[in-house]
Each structure stands twice: as structure tokens, then as C-alpha cells.
Amino acid sequence: MATRILGELSEVNDVSTAAPTTRDEITEIPAPRPVARIRKLSKAFGDRTVLDGIDLDIARGEFVALLGRSGTGKSTLLRALAGLDRDHNGELTVDGDIAVAFQEPRLVPWKRVHANVTLGLRHSDTRAAGRAALTEVGLDDRADAWPLTLSGGEAQRASLARALVREPDLLLLDEPFSALDALTRITIHSLVLELWSRHRPGVLLVTHDVDEALLLADRALVLGQGRIAREIPIDLPRPRRRDHPRFTALRNELLTELGVAVEEGNT
Amino acid sequence: MSSTTLRPASIRLPHLPSARWVRLVSPVLIVVVWQVASSTGALPQRLMASPATVVTTAIDITRDGTLPHALAISLQRAVIGFAIGAVIGIALALLAGLSLFAEQLLDPPLQMLRMLPFYGLIPLLILWFGIGELPKILLVAFGVAIPLYLNTFSGIRSVDGKLAELAQVQQLSRLGLIRHIVLPGALPQALVGLRQSLGIAWLALIVAEQVNADAGLGYLIDNARDFLRTDIIVVGLLVYSLLGLLTDAVVRLIERKALTWRRGFLAS
């Protein structure tokens with residue numbers, strides 16, 4: 001079996017050039033309370049137990065990637081955090097505002113892009129805030145466009161702008177890059193890192209893509225059989241490079257944990 | 001021409017700028033044949049007036065005020081009936097669409113009424129309300145309310161659940177959800193209902209006015225029958241058709257204004 005999961009691109013030098021090395025900054029933040037705290041979270045659909053006693057803390061400003069094969073409950077966990085599923089057991093607290101970017105951009109087709117970005121925002125000047133967020137994601141010239149006229153990358157940028165305009169303490173990303181083409185994904189990755197380093201929300205990124213987790217996250221969690229089967233701190237310097245020797249080692253470790261056989265010479 | 005016949009149709013089509021006026025040939029031909037048949041006596045006046053007579057009659061009864069008067073009365077019935085039916089149909093659709101409880105309460109009887117051939121209500125309406133304005137207005141209202149209810153209700157229910165989730169994540173209130181997501185999402189289907197209901201409104205009016213009326217377009221037609229005035233009958237029918245076309249054009253205009261977000265998609 002091939003070992004490359006969605007990792008078809010190797011040149012990522014432009015990724016995260018704007019992102020500072022952040023490990024020091026994180027430890028400086030006095031955060032006695034994590035932004036999200038999960039204890040013994042369980043969830044079953046009928047007889048099938050999807051989550052079976054999850055414990056997880058996400059620190060303020062921490063970027064956590066949640067990996068797992070299909071059907072391991074990654075999205076279920078994210079939906080529980082987002083408050084979209086309340087039918088679960090266990091303890092779940094989020095300290096602050098939440099914003100979500102879904103797999104599909106979920107733009108409201110009958111609202112222009114700027115109105116989509118400010119949907120539900122209770123500000124004195126929502127329009128200016130929306131414009132600012134769109135400028136940040138490089139979409140200010142499409143502010144008055146209808147969502148159905150946007151490209152996939154543009155729509156996902158708009159979705160990110162909508163999540164960020166709320167200045168969330170916890171940003172939940174549910175595979176928002178998986179439907180993008182490889183080139184667009186590279187630019188969106190660097191955009192996400194840039195936005196993250198500027199606004200510093202705690203991030204939970206659900207993804208299938210091991211390389212994506214290694215490029216973006218401080219910590220990778222592998223979900224398996226309803227539990228966090230493995231937790232791997234990603235101690236790579238930022239900006240991250242795929243040709244870093246540790247990158248390959250971590251990648252193999254994660255792939256093995258995900259049950260993908262790693263062949264020699266194919267890494 | 002023989003050299004072009006081998007080319008695919010898609011290439012030849014742009015070379016036919018005449019296509020638009022070609023469509024006029026057959027209608028004009030029909031009118032000409034009709035006029036010739038009338039002039040030669042093949043088509044007697046008591047069965048069908050000639051096109052020329054129809055035109056002069058149309059001018060005459062417009063000048064002497066008969067047609068405008070009848071039209072005004074019919075329009076009034078249509079507008080009042082439509083307004084009542086629209087308010088009731090949309091209100092019921094909102095109730096049933098937004099609340100499961102209301103749906104269980106309202107939907108079964110409305111689905112039953114939908115199956116009712118509502119022109120069959122005329123005898124009952126006459127028994128209940130006589131032959132005044134009320135039964136005609138009610139018939140129009142009934143005909144309008146049902147398709148508007150059905151389409152608006154199904155429009156509300158077919159709004160993407162993922163957008164409802166989004167609204168929850170964006171912390172929209174229930175009112176905000178209805179205003180920003182549910183109603184605009186139901187609008188395309190509701191406009192389909194509007195178009196259907198306007199068509200039915202005219203139909204209901206024709207039926208009601210011909211069964212019992214002392215004024216209005218239907219009365220004009222019914223009365224003309226007694227005097228074998230086929231010319232007036234044809235004029236009345238033409239006016240009905242024009243009204244139908246006109247209302248359809250209005251709905252299309254509304255659609256174009258209200259659904260620009262879709263047009264952008266279709267254009268791109």
C-alpha cells in the first residue's frame with residue numbers, strides 16, 4: 001500500500017514563512033485554564049460506540065491536529081465541541097467563543113460574500129469588520145460577489161474569514177482543506193498559519209492528511225477505537241519543511257499509528 | 001444549401017437569423033385561413049366571428065366602457081381573492097414548515113383539500129353565500145392558497161440542514177435563522193407556487209364568473225352566448241389570456257429580481 005496520504009507535494013518553502021517560531025510564545029502565555037477541556041467524553045450511535053472516554057485539553061493558542069481513519073469519530077468529537085451534538089456523555093467545557101470552518105465552505109448562497117462573513121455577528125460596525133476579515137484572507141475584491149461564483153479556494157477563504165471575524169478563542173477546522181486542489185491547499189495552509197499566528201486562537205484541526213498535521217500543528221492526536229490512541233508532540237521548528245529529517249520520522253510514526261504500512265525507501 | 005446539409009446542426013443554427021420571424025408564420029397563417037373561411041361563409045358567424053369582427057368588437061366594447069367595466073370587476077375579484085389566498089397559504093406554510101406540531105395538525109387536512117376538485121365546491125359556495133362577490137372571491141382564494149401552501153411548505157422543508165447547522169454555529173437566534181436561512185431558502189420554491197397559484201386564480205375566476213355572475217368578464221362571455229355574439233366571447237377569452245400572460249411576466253420579473261444569486265451562478 002502506498003504510504004503517501006495526500007502528500008503529493010514536496011515544495012512547501014512558501015508555507016508558513018510568515019509564521020514565527022511559536023513554541024516560546026505559547027509557554028509565555030499564562031493560561032491556567034485550557035480553552036477546551038474534555039473529560040470521559042463518550043458517544044454512541046445506536047450500538048456502535050464512536051467515542052469511548054476521550055480526555056483532551058487544548059491550551060490557548062495551541063494548534064492541535066486530530067488524525068484518524070474514516071469513521072473513528074474525528075468529526076463527532078469536533079461536532080461535540082462545536083455544540084452541534086449535545087447527545088453525548090461526559091464533561092465538555094469550552095472557555096470562550098467558538099468558530100467553525102466546515103469541510104464544505106457552507107456559504108449561504110443568497111447572501112453576498114461580505115454578508116456571509118458577518119452572518120450572526122453582533123458588532124456596531126459589522127461591515128468594516130467583514131471587510132477587514134476579507135482583506136486578511138485576500139478576498140476583499142470579491143466582497144460583493146455571490147458565493148456560487150467563487151472558486152473552491154475562494155469559498156474556503158471566505159469560510160475562514162467568517163470564522164476569524166468572530167475572533168474566536170477556539171477555532172474548529174473540520175477537514176476544510178480536503179476538497180481543495182493541491183496548489184490551493186499550499187496557499188491556504190500558509191494563510192491559516194499566518195492567521196493563527198496573528199490571532200492566536202486554540203485550533204483543533206480534523207484531518208486525514210498526515211503531512212498537513214505535521215506542517216501546521218503543535219501536537220498530533222491519533223484517534224482509534226474511540227480513544228486517543230496516540231499523542232505526538234510535533235517538535236519541528238517553524239517554518240516547517242518537509243525535508244527536515246524529523247519530518248520523515250514523525251510522518252512514519254503517524255502513518256504506522258494510522259495502520260498504514262511504511263515501506264523502506266518510500267518515505 | 002446542399003453543401004451545408006452535411007454540417008452538424010450546431011454549426012448551422014447560427015446561420016439562421018430568420019428563426020425568430022419564422023415562428024410567426026404559422027400563427028399568421030392560422031389567422032389568415034380563419035379570416036378567409038369567415039369571409040367566404042365557410043365558417044358561419046354564429047359559430048365563430050371573423051378576426052376582423054373580433055378586432056372591431058374589441059374596439060367597440062372598449063370605447064363604450066363595457067369591457068373596461070367588466071375587466072375592472074374581474075380584476076378586483078382576482079386581486080382580493082389572491083390576496084386572501086396568498087396570506088392564508090403562506091401563513092399556513094410558515095406554521096407547518098417551522099413547527100412539527102403545527103405540521104401534524106395542519107398538513108393532513110391541507111393534503112386532503114389538495115385532492116379536492118375545487119370547482120366542485122361551487123354549488124356549495126352558492127348555497128352558503130349566494131351569488132354575490134363572496135363565493136367568487138373565496139373560490140379564487142382557495143385555488144391560490146393550496147399551491148402556495150404546498151410549495152412554500154416543501155420549500156421550507158428542503159432548506160439545507162447544513163445551513164441550519166451553520167446558523168447554530170454562528171449563534172443566530174431562531175428568528176435570525178428564519179429570516180436569513182429558512183425564508184430566503186424557501187423562496188425559489190415559493191415562487192414556483194406563486195406562478196401556479198396565479199394561473200389557478202384566473203381559471204377559478206373564469207369558472208366562478210360563468211356559473212353565477214351579474215358582472216365581470218365571465219358574465220360578459222356568458223351573456224354573449226345568449227345573443228350568439230361569438231365575437232364578444234373571443235374578445236373575452238383573449239383578455240383572459242392576456243391577463244394570464246401578464247401575471248406570468250410579473251412573476252418572472254420578481255424571480256429575476258429576487259433570485260439574482262442564482263442568476264450569477266447560471267451566468268458564470
# chains A, B, ... in the order shown; residues from 1 in each chain; ligands from 1
>>> residues_around(residues="range 165-179 of chain A", least_positions_apart="4", cutoff="8 Å", atoms="only C-alpha atoms", output="PyMOL selection string")
chain A and resi 35-36+60-61+75+78+82+94-105+117-118+121+129-130+133+152+156+161+185+188+199-208
>>> closest_atom_pairs(of="chain A", to="chain B", cutoff="9 Å", atoms="only C-alpha atoms", output="Markdown table")
| residue | atom | partner | partner_atom | distance |
| --- | --- | --- | --- | --- |
| A:Ala82 | CA | B:Val169 | CA | 6.9 |
| A:Gly83 | CA | B:Val169 | CA | 7.7 |
| A:Leu84 | CA | B:Glu165 | CA | 7.1 |
| A:Ile98 | CA | B:Val169 | CA | 7.8 |
| A:Ala99 | CA | B:Val169 | CA | 6.9 |
| A:Val100 | CA | B:Val169 | CA | 6.9 |
| A:Phe102 | CA | B:Leu166 | CA | 8.8 |
| A:Arg106 | CA | B:Leu163 | CA | 6.6 |
| A:Leu107 | CA | B:Leu163 | CA | 8.0 |
| A:Val108 | CA | B:Leu163 | CA | 7.0 |
| A:Pro109 | CA | B:Trp261 | CA | 6.7 |
| A:Trp110 | CA | B:Trp261 | CA | 5.4 |
| A:Lys111 | CA | B:Trp261 | CA | 7.6 |
| A:Arg112 | CA | B:Trp261 | CA | 8.0 |
| A:Leu119 | CA | B:Gln170 | CA | 6.8 |
| A:Gly120 | CA | B:Leu172 | CA | 5.1 |
| A:Leu121 | CA | B:Gln170 | CA | 7.5 |
| A:Ala145 | CA | B:Gly264 | CA | 8.7 |
| A:Trp146 | CA | B:Trp261 | CA | 5.7 |
| A:Pro147 | CA | B:Trp261 | CA | 7.9 |
| A:Leu148 | CA | B:Phe265 | CA | 5.3 |
| A:Thr149 | CA | B:Phe265 | CA | 5.7 |
| A:Arg162 | CA | B:Gln170 | CA | 9.0 |
| A:Ala163 | CA | B:Gln170 | CA | 8.6 |
| A:Arg166 | CA | B:Gln170 | CA | 8.9 |
>>> atom_distance(atom1="CA of Lys74 in chain A", atom2="CA of Ile54 in chain A")
11.1 Å
>>> select_by_dssp(residues="range 15-183 of chain A", states="strand (DSSP E)", output="JSON, numbers by chain")
{"A": [36, 37, 38, 39, 40, 41, 42, 43, 44, 45, 48, 49, 50, 51, 52, 53, 54, 55, 56, 57, 58, 63, 64, 65, 66, 67, 89, 90, 91, 92, 93, 94, 98, 99, 100, 101, 170, 171, 172, 173, 174]}
>>> write_last_selection(atoms="N, CA and C atoms", output="short mmCIF file (atom, residue, chain, number, x, y, z; two decimals), in the first residue's frame")
data_model
loop_
_atom_site.label_atom_id
_atom_site.label_comp_id
_atom_site.auth_asym_id
_atom_site.auth_seq_id
_atom_site.Cartn_x
_atom_site.Cartn_y
_atom_site.Cartn_z
N ALA A 36 -10.26 24.53 25.81
CA ALA A 36 -11.22 23.44 25.74
C ALA A 36 -10.78 22.31 26.65
N ARG A 37 -11.73 21.75 27.36
CA ARG A 37 -11.41 20.69 28.31
C ARG A 37 -12.45 19.59 28.14
N ILE A 38 -11.97 18.39 27.83
CA ILE A 38 -12.87 17.26 27.61
C ILE A 38 -12.48 16.14 28.56
N ARG A 39 -13.47 15.62 29.25
CA ARG A 39 -13.22 14.51 30.17
C ARG A 39 -14.23 13.40 29.95
N LYS A 40 -13.70 12.21 29.71
CA LYS A 40 -14.53 10.99 29.60
C LYS A 40 -15.68 11.17 28.63
N LEU A 41 -15.38 11.78 27.49
CA LEU A 41 -16.43 12.02 26.50
C LEU A 41 -16.75 10.73 25.75
N SER A 42 -18.03 10.34 25.78
CA SER A 42 -18.45 9.13 25.07
C SER A 42 -19.66 9.45 24.20
N LYS A 43 -19.71 8.73 23.10
CA LYS A 43 -20.83 8.95 22.19
C LYS A 43 -21.08 7.67 21.42
N ALA A 44 -22.33 7.28 21.34
CA ALA A 44 -22.67 6.08 20.59
C ALA A 44 -23.80 6.39 19.63
N PHE A 45 -23.69 5.81 18.45
CA PHE A 45 -24.82 5.85 17.51
C PHE A 45 -25.45 4.46 17.55
N ARG A 48 -23.28 1.24 18.14
CA ARG A 48 -21.89 1.48 17.77
C ARG A 48 -21.31 2.62 18.62
N THR A 49 -20.31 2.27 19.43
CA THR A 49 -19.64 3.28 20.24
C THR A 49 -18.59 3.97 19.38
N VAL A 50 -18.75 5.27 19.21
CA VAL A 50 -17.81 6.01 18.36
C VAL A 50 -16.72 6.64 19.22
N LEU A 51 -17.14 7.28 20.29
CA LEU A 51 -16.16 7.85 21.22
C LEU A 51 -16.31 7.13 22.55
N ASP A 52 -15.18 6.73 23.11
CA ASP A 52 -15.24 5.88 24.30
C ASP A 52 -14.31 6.42 25.38
N GLY A 53 -14.72 7.52 25.99
CA GLY A 53 -13.94 8.07 27.08
C GLY A 53 -12.74 8.88 26.63
N ILE A 54 -13.01 9.97 25.93
CA ILE A 54 -11.94 10.83 25.44
C ILE A 54 -11.57 11.85 26.52
N ASP A 55 -10.27 12.01 26.77
CA ASP A 55 -9.77 13.10 27.61
C ASP A 55 -8.89 13.98 26.74
N LEU A 56 -9.16 15.27 26.75
CA LEU A 56 -8.36 16.16 25.91
C LEU A 56 -8.41 17.59 26.43
N ASP A 57 -7.25 18.21 26.51
CA ASP A 57 -7.17 19.64 26.80
C ASP A 57 -6.56 20.34 25.60
N ILE A 58 -7.12 21.47 25.24
CA ILE A 58 -6.48 22.30 24.22
C ILE A 58 -6.13 23.62 24.89
N PHE A 63 -2.21 24.69 18.60
CA PHE A 63 -2.72 24.14 17.34
C PHE A 63 -2.66 22.62 17.44
N VAL A 64 -3.81 21.99 17.54
CA VAL A 64 -3.88 20.54 17.70
C VAL A 64 -4.47 19.92 16.45
N ALA A 65 -3.81 18.88 15.95
CA ALA A 65 -4.35 18.16 14.80
C ALA A 65 -4.90 16.83 15.27
N LEU A 66 -6.09 16.49 14.79
CA LEU A 66 -6.74 15.25 15.17
C LEU A 66 -6.79 14.34 13.94
N LEU A 67 -6.05 13.25 14.02
CA LEU A 67 -5.97 12.33 12.88
C LEU A 67 -6.74 11.05 13.20
N ASN A 89 -22.18 11.66 26.45
CA ASN A 89 -21.88 11.56 27.87
C ASN A 89 -20.49 12.11 28.14
N GLY A 90 -20.31 12.58 29.37
CA GLY A 90 -19.00 13.09 29.74
C GLY A 90 -19.03 14.59 29.93
N GLU A 91 -17.85 15.12 30.14
CA GLU A 91 -17.74 16.52 30.51
C GLU A 91 -17.04 17.26 29.38
N LEU A 92 -17.59 18.41 29.03
CA LEU A 92 -17.03 19.14 27.91
C LEU A 92 -17.21 20.63 28.18
N THR A 93 -16.12 21.34 28.36
CA THR A 93 -16.25 22.78 28.58
C THR A 93 -15.35 23.53 27.60
N VAL A 94 -15.92 24.57 27.06
CA VAL A 94 -15.14 25.46 26.20
C VAL A 94 -15.19 26.84 26.84
N ILE A 98 -16.41 30.12 20.10
CA ILE A 98 -16.04 29.06 19.16
C ILE A 98 -16.37 29.52 17.74
N ALA A 99 -15.52 29.18 16.81
CA ALA A 99 -15.86 29.35 15.41
C ALA A 99 -15.51 28.07 14.67
N VAL A 100 -16.26 27.78 13.63
CA VAL A 100 -16.08 26.52 12.90
C VAL A 100 -15.89 26.80 11.41
N ALA A 101 -14.95 26.11 10.80
CA ALA A 101 -14.89 26.08 9.34
C ALA A 101 -15.10 24.64 8.92
N LEU A 170 -11.50 29.49 20.30
CA LEU A 170 -11.30 28.13 19.81
C LEU A 170 -11.78 28.05 18.37
N LEU A 171 -10.86 27.67 17.49
CA LEU A 171 -11.21 27.55 16.07
C LEU A 171 -11.23 26.07 15.71
N LEU A 172 -12.39 25.61 15.26
CA LEU A 172 -12.54 24.21 14.89
C LEU A 172 -12.51 24.09 13.37
N LEU A 173 -11.58 23.29 12.86
CA LEU A 173 -11.43 23.13 11.42
C LEU A 173 -11.73 21.67 11.05
N ASP A 174 -12.85 21.46 10.39
CA ASP A 174 -13.28 20.10 10.07
C ASP A 174 -12.88 19.76 8.63
#
>>> atom_distance(atom1="CA of Arg241 in chain A", atom2="CA of Ala158 in chain A")
27.1 Å
>>> residues_around(residues="Val234 in chain B", least_positions_apart="5", cutoff="10 Å", atoms="only C-alpha atoms", output="ChimeraX atom specification")
/B:48-51,54-55,57-58,221,224,229,239-240
>>> select_by_dssp(residues="range 40-252 of chain A", states="alpha helix (DSSP H)", output="CSV table (one decimal) with C-alpha atoms, in the first residue's frame")
chain,number,residue,atom,x,y,z
A,74,LYS,CA,-12.9,12.7,14.5
A,75,SER,CA,-15.8,14.7,13.2
A,76,THR,CA,-18.0,13.5,16.0
A,77,LEU,CA,-15.6,14.9,18.5
A,78,LEU,CA,-15.4,18.2,16.7
A,79,ARG,CA,-19.2,18.4,16.4
A,80,ALA,CA,-19.5,17.9,20.1
A,81,LEU,CA,-17.0,20.7,20.8
A,82,ALA,CA,-18.9,22.9,18.3
A,113,VAL,CA,-19.7,37.2,0.4
A,114,HIS,CA,-19.4,40.1,2.8
A,115,ALA,CA,-22.8,39.3,4.3
A,116,ASN,CA,-21.8,35.7,4.6
A,117,VAL,CA,-18.7,36.7,6.6
A,126,THR,CA,-20.1,44.6,11.1
A,127,ARG,CA,-19.4,45.8,7.6
A,128,ALA,CA,-16.0,47.2,8.4
A,129,ALA,CA,-15.1,44.1,10.4
A,130,GLY,CA,-16.2,41.9,7.5
A,131,ARG,CA,-14.2,43.9,5.0
A,132,ALA,CA,-11.2,43.7,7.3
A,133,ALA,CA,-11.5,39.9,7.6
A,134,LEU,CA,-11.9,39.5,3.8
A,135,THR,CA,-8.8,41.7,3.3
A,136,GLU,CA,-6.9,39.4,5.6
A,152,GLY,CA,-13.3,26.4,-4.3
A,153,GLY,CA,-10.3,28.1,-2.8
A,154,GLU,CA,-12.0,31.5,-2.7
A,155,ALA,CA,-15.1,29.9,-1.0
A,156,GLN,CA,-12.9,28.3,1.6
A,157,ARG,CA,-11.1,31.6,2.2
A,158,ALA,CA,-14.5,33.3,2.7
A,159,SER,CA,-15.3,30.5,5.2
A,160,LEU,CA,-12.1,31.1,7.1
A,161,ALA,CA,-12.8,34.9,7.1
A,162,ARG,CA,-16.2,34.2,8.6
A,163,ALA,CA,-14.7,32.0,11.3
A,164,LEU,CA,-12.0,34.6,12.1
A,182,ALA,CA,-3.1,20.6,-4.2
A,183,LEU,CA,-1.8,24.1,-5.2
A,184,THR,CA,-4.6,25.9,-3.5
A,185,ARG,CA,-4.1,23.8,-0.4
A,186,ILE,CA,-0.5,25.1,-0.1
A,187,THR,CA,-1.5,28.7,-0.1
A,188,ILE,CA,-4.4,28.1,2.3
A,189,HIS,CA,-2.1,26.3,4.7
A,190,SER,CA,0.2,29.2,4.8
A,191,LEU,CA,-2.8,31.6,5.1
A,192,VAL,CA,-4.1,29.5,8.1
A,193,LEU,CA,-0.7,29.6,9.8
A,194,GLU,CA,-0.4,33.4,9.2
A,195,LEU,CA,-3.9,34.0,10.6
A,196,TRP,CA,-3.3,31.7,13.5
A,197,SER,CA,0.0,33.4,14.5
A,198,ARG,CA,-1.8,36.7,14.3
A,199,HIS,CA,-5.0,35.9,16.2
A,210,VAL,CA,-0.5,13.4,7.9
A,211,ASP,CA,1.6,16.0,6.1
A,212,GLU,CA,-1.0,18.7,6.8
A,213,ALA,CA,-0.8,17.9,10.5
A,214,LEU,CA,3.0,18.0,10.5
A,215,LEU,CA,3.1,21.3,8.7
A,216,LEU,CA,0.6,23.0,10.9
A,245,PRO,CA,14.8,14.7,8.9
A,246,ARG,CA,12.4,14.8,11.9
A,247,PHE,CA,9.6,15.3,9.5
A,248,THR,CA,10.1,12.0,7.9
A,249,ALA,CA,10.5,10.2,11.2
A,250,LEU,CA,7.3,11.8,12.6
A,251,ARG,CA,5.5,11.0,9.4
A,252,ASN,CA,6.4,7.4,9.6
>>> residues_around(residues="Ile61 in chain B", least_positions_apart="3", cutoff="12 Å", atoms="only C-alpha atoms", output="list in words")
Thr53, Val54, Val55, Thr56, Thr57, Ala58, Asp64, Gly65, Thr66, Leu67, Pro68, His69, Ala70, Leu71, Leu217, Leu220, Asp231, Ile232, Ile233, Val235 and Gly236 of chain B
>>> write_last_selection(atoms="N, CA and C atoms", output="PDB file, in the first residue's frame")
ATOM      1  N   THR B  53     -63.939  41.022 -37.346  1.00  0.00           N
ATOM      2  CA  THR B  53     -65.055  41.366 -36.460  1.00  0.00           C
ATOM      3  C   THR B  53     -64.605  41.407 -35.011  1.00  0.00           C
ATOM      4  N   VAL B  54     -63.753  40.443 -34.630  1.00  0.00           N
ATOM      5  CA  VAL B  54     -63.251  40.397 -33.247  1.00  0.00           C
ATOM      6  C   VAL B  54     -62.527  41.695 -32.916  1.00  0.00           C
ATOM      7  N   VAL B  55     -61.712  42.145 -33.865  1.00  0.00           N
ATOM      8  CA  VAL B  55     -60.944  43.371 -33.610  1.00  0.00           C
ATOM      9  C   VAL B  55     -61.877  44.571 -33.466  1.00  0.00           C
ATOM     10  N   THR B  56     -62.830  44.695 -34.406  1.00  0.00           N
ATOM     11  CA  THR B  56     -63.737  45.863 -34.317  1.00  0.00           C
ATOM     12  C   THR B  56     -64.575  45.780 -33.047  1.00  0.00           C
ATOM     13  N   THR B  57     -65.021  44.579 -32.695  1.00  0.00           N
ATOM     14  CA  THR B  57     -65.815  44.428 -31.469  1.00  0.00           C
ATOM     15  C   THR B  57     -64.984  44.825 -30.250  1.00  0.00           C
ATOM     16  N   ALA B  58     -63.723  44.372 -30.250  1.00  0.00           N
ATOM     17  CA  ALA B  58     -62.845  44.713 -29.126  1.00  0.00           C
ATOM     18  C   ALA B  58     -62.763  46.231 -28.978  1.00  0.00           C
ATOM     19  N   ASP B  64     -67.165  51.859 -25.581  1.00  0.00           N
ATOM     20  CA  ASP B  64     -68.418  52.130 -24.849  1.00  0.00           C
ATOM     21  C   ASP B  64     -68.324  51.754 -23.368  1.00  0.00           C
ATOM     22  N   GLY B  65     -67.165  51.292 -22.929  1.00  0.00           N
ATOM     23  CA  GLY B  65     -66.948  51.079 -21.496  1.00  0.00           C
ATOM     24  C   GLY B  65     -67.360  49.710 -20.990  1.00  0.00           C
ATOM     25  N   THR B  66     -67.948  48.866 -21.854  1.00  0.00           N
ATOM     26  CA  THR B  66     -68.384  47.546 -21.397  1.00  0.00           C
ATOM     27  C   THR B  66     -67.204  46.703 -20.923  1.00  0.00           C
ATOM     28  N   LEU B  67     -66.192  46.636 -21.780  1.00  0.00           N
ATOM     29  CA  LEU B  67     -65.036  45.794 -21.457  1.00  0.00           C
ATOM     30  C   LEU B  67     -64.247  46.323 -20.250  1.00  0.00           C
ATOM     31  N   PRO B  68     -63.909  47.632 -20.236  1.00  0.00           N
ATOM     32  CA  PRO B  68     -63.187  48.129 -19.060  1.00  0.00           C
ATOM     33  C   PRO B  68     -63.940  47.883 -17.760  1.00  0.00           C
ATOM     34  N   HIS B  69     -65.257  48.059 -17.806  1.00  0.00           N
ATOM     35  CA  HIS B  69     -66.055  47.852 -16.597  1.00  0.00           C
ATOM     36  C   HIS B  69     -65.964  46.394 -16.143  1.00  0.00           C
ATOM     37  N   ALA B  70     -66.189  45.468 -17.103  1.00  0.00           N
ATOM     38  CA  ALA B  70     -66.131  44.038 -16.769  1.00  0.00           C
ATOM     39  C   ALA B  70     -64.736  43.659 -16.269  1.00  0.00           C
ATOM     40  N   LEU B  71     -63.731  44.208 -16.928  1.00  0.00           N
ATOM     41  CA  LEU B  71     -62.354  43.913 -16.563  1.00  0.00           C
ATOM     42  C   LEU B  71     -62.051  44.391 -15.140  1.00  0.00           C
ATOM     43  N   LEU B 217     -65.895  39.765 -16.514  1.00  0.00           N
ATOM     44  CA  LEU B 217     -65.525  39.190 -17.807  1.00  0.00           C
ATOM     45  C   LEU B 217     -66.306  37.909 -18.110  1.00  0.00           C
ATOM     46  N   LEU B 220     -69.703  38.702 -19.048  1.00  0.00           N
ATOM     47  CA  LEU B 220     -69.704  39.250 -20.407  1.00  0.00           C
ATOM     48  C   LEU B 220     -69.747  38.110 -21.425  1.00  0.00           C
ATOM     49  N   ASP B 231     -68.180  37.001 -31.345  1.00  0.00           N
ATOM     50  CA  ASP B 231     -67.098  37.990 -31.344  1.00  0.00           C
ATOM     51  C   ASP B 231     -66.753  38.435 -29.925  1.00  0.00           C
ATOM     52  N   ILE B 232     -67.793  38.675 -29.122  1.00  0.00           N
ATOM     53  CA  ILE B 232     -67.538  39.109 -27.741  1.00  0.00           C
ATOM     54  C   ILE B 232     -66.902  37.977 -26.931  1.00  0.00           C
ATOM     55  N   ILE B 233     -67.365  36.748 -27.201  1.00  0.00           N
ATOM     56  CA  ILE B 233     -66.781  35.604 -26.483  1.00  0.00           C
ATOM     57  C   ILE B 233     -65.269  35.524 -26.741  1.00  0.00           C
ATOM     58  N   VAL B 235     -63.260  37.923 -27.758  1.00  0.00           N
ATOM     59  CA  VAL B 235     -62.573  39.053 -27.120  1.00  0.00           C
ATOM     60  C   VAL B 235     -62.347  38.757 -25.637  1.00  0.00           C
ATOM     61  N   GLY B 236     -63.385  38.243 -24.961  1.00  0.00           N
ATOM     62  CA  GLY B 236     -63.265  37.922 -23.531  1.00  0.00           C
ATOM     63  C   GLY B 236     -62.168  36.901 -23.277  1.00  0.00           C
TER      64      GLY B 236
END
>>> residues_around(residues="Leu125 in chain B", least_positions_apart="2", cutoff="9 Å", atoms="only C-alpha atoms", output="VMD selection string")
chain B and resid 121 to 123 127 to 131 134 to 136 138 to 139
>>> write_last_selection(atoms="C-alpha atoms", output="CSV table (one decimal), in the first residue's frame")
chain,number,residue,atom,x,y,z
B,121,LEU,CA,-67.2,23.5,-4.5
B,122,ILE,CA,-69.2,26.0,-6.5
B,123,PRO,CA,-72.6,24.5,-5.7
B,127,LEU,CA,-75.7,27.6,-1.2
B,128,TRP,CA,-73.7,29.1,1.5
B,129,PHE,CA,-73.0,32.6,0.2
B,130,GLY,CA,-75.5,33.1,-2.6
B,131,ILE,CA,-74.3,34.6,-5.9
B,134,LEU,CA,-68.0,36.4,-1.7
B,135,PRO,CA,-68.3,32.9,-3.3
B,136,LYS,CA,-66.2,34.0,-6.3
B,138,LEU,CA,-63.5,32.5,-1.9
B,139,LEU,CA,-63.1,30.2,-4.9
>>> closest_residue(among="B:Val32, B:Ile59, B:Ile126, B:Leu175", to="Ala213 in chain B", atoms="only C-alpha atoms")
B:Ile126
>>> decode(residues="range 123-177 of chain A", atoms="C-alpha atoms", output="compact mmCIF listing (two decimals), in the first residue's frame")
# COMPACT_ATOMS: atom_id res chain seq x y z
CA HIS A 123 -20.96 44.35 16.25
CA SER A 124 -21.51 48.04 15.95
CA ASP A 125 -19.73 48.06 12.61
CA THR A 126 -20.08 44.61 11.12
CA ARG A 127 -19.42 45.84 7.61
CA ALA A 128 -15.99 47.19 8.43
CA ALA A 129 -15.15 44.05 10.38
CA GLY A 130 -16.23 41.91 7.45
CA ARG A 131 -14.17 43.93 5.01
CA ALA A 132 -11.15 43.67 7.27
CA ALA A 133 -11.51 39.89 7.57
CA LEU A 134 -11.89 39.54 3.80
CA THR A 135 -8.81 41.67 3.25
CA GLU A 136 -6.91 39.40 5.62
CA VAL A 137 -7.74 36.33 3.55
CA GLY A 138 -7.07 38.23 0.31
CA LEU A 139 -10.66 38.27 -0.83
CA ASP A 140 -11.58 41.94 -0.49
CA ASP A 141 -12.17 42.29 -4.22
CA ARG A 142 -14.82 39.55 -4.09
CA ALA A 143 -16.75 41.04 -1.17
CA ASP A 144 -19.81 41.80 -3.29
CA ALA A 145 -19.75 38.55 -5.26
CA TRP A 146 -22.37 35.82 -4.97
CA PRO A 147 -20.95 32.68 -3.33
CA LEU A 148 -21.89 30.47 -6.28
CA THR A 149 -19.48 32.43 -8.46
CA LEU A 150 -16.48 31.75 -6.20
CA SER A 151 -13.86 29.11 -6.88
CA GLY A 152 -13.33 26.37 -4.31
CA GLY A 153 -10.29 28.12 -2.84
CA GLU A 154 -12.05 31.48 -2.70
CA ALA A 155 -15.07 29.94 -0.99
CA GLN A 156 -12.86 28.30 1.61
CA ARG A 157 -11.09 31.62 2.19
CA ALA A 158 -14.47 33.25 2.74
CA SER A 159 -15.32 30.49 5.18
CA LEU A 160 -12.08 31.14 7.08
CA ALA A 161 -12.80 34.88 7.11
CA ARG A 162 -16.24 34.15 8.56
CA ALA A 163 -14.67 32.04 11.30
CA LEU A 164 -11.98 34.60 12.11
CA VAL A 165 -14.14 37.71 12.12
CA ARG A 166 -15.60 36.48 15.40
CA GLU A 167 -12.12 36.46 16.92
CA PRO A 168 -12.70 33.03 18.42
CA ASP A 169 -10.83 31.54 21.34
CA LEU A 170 -11.30 28.13 19.81
CA LEU A 171 -11.21 27.55 16.07
CA LEU A 172 -12.54 24.21 14.89
CA LEU A 173 -11.43 23.13 11.42
CA ASP A 174 -13.28 20.10 10.07
CA GLU A 175 -11.12 18.98 7.13
CA PRO A 176 -11.57 22.35 5.47
CA PHE A 177 -8.73 21.80 3.01
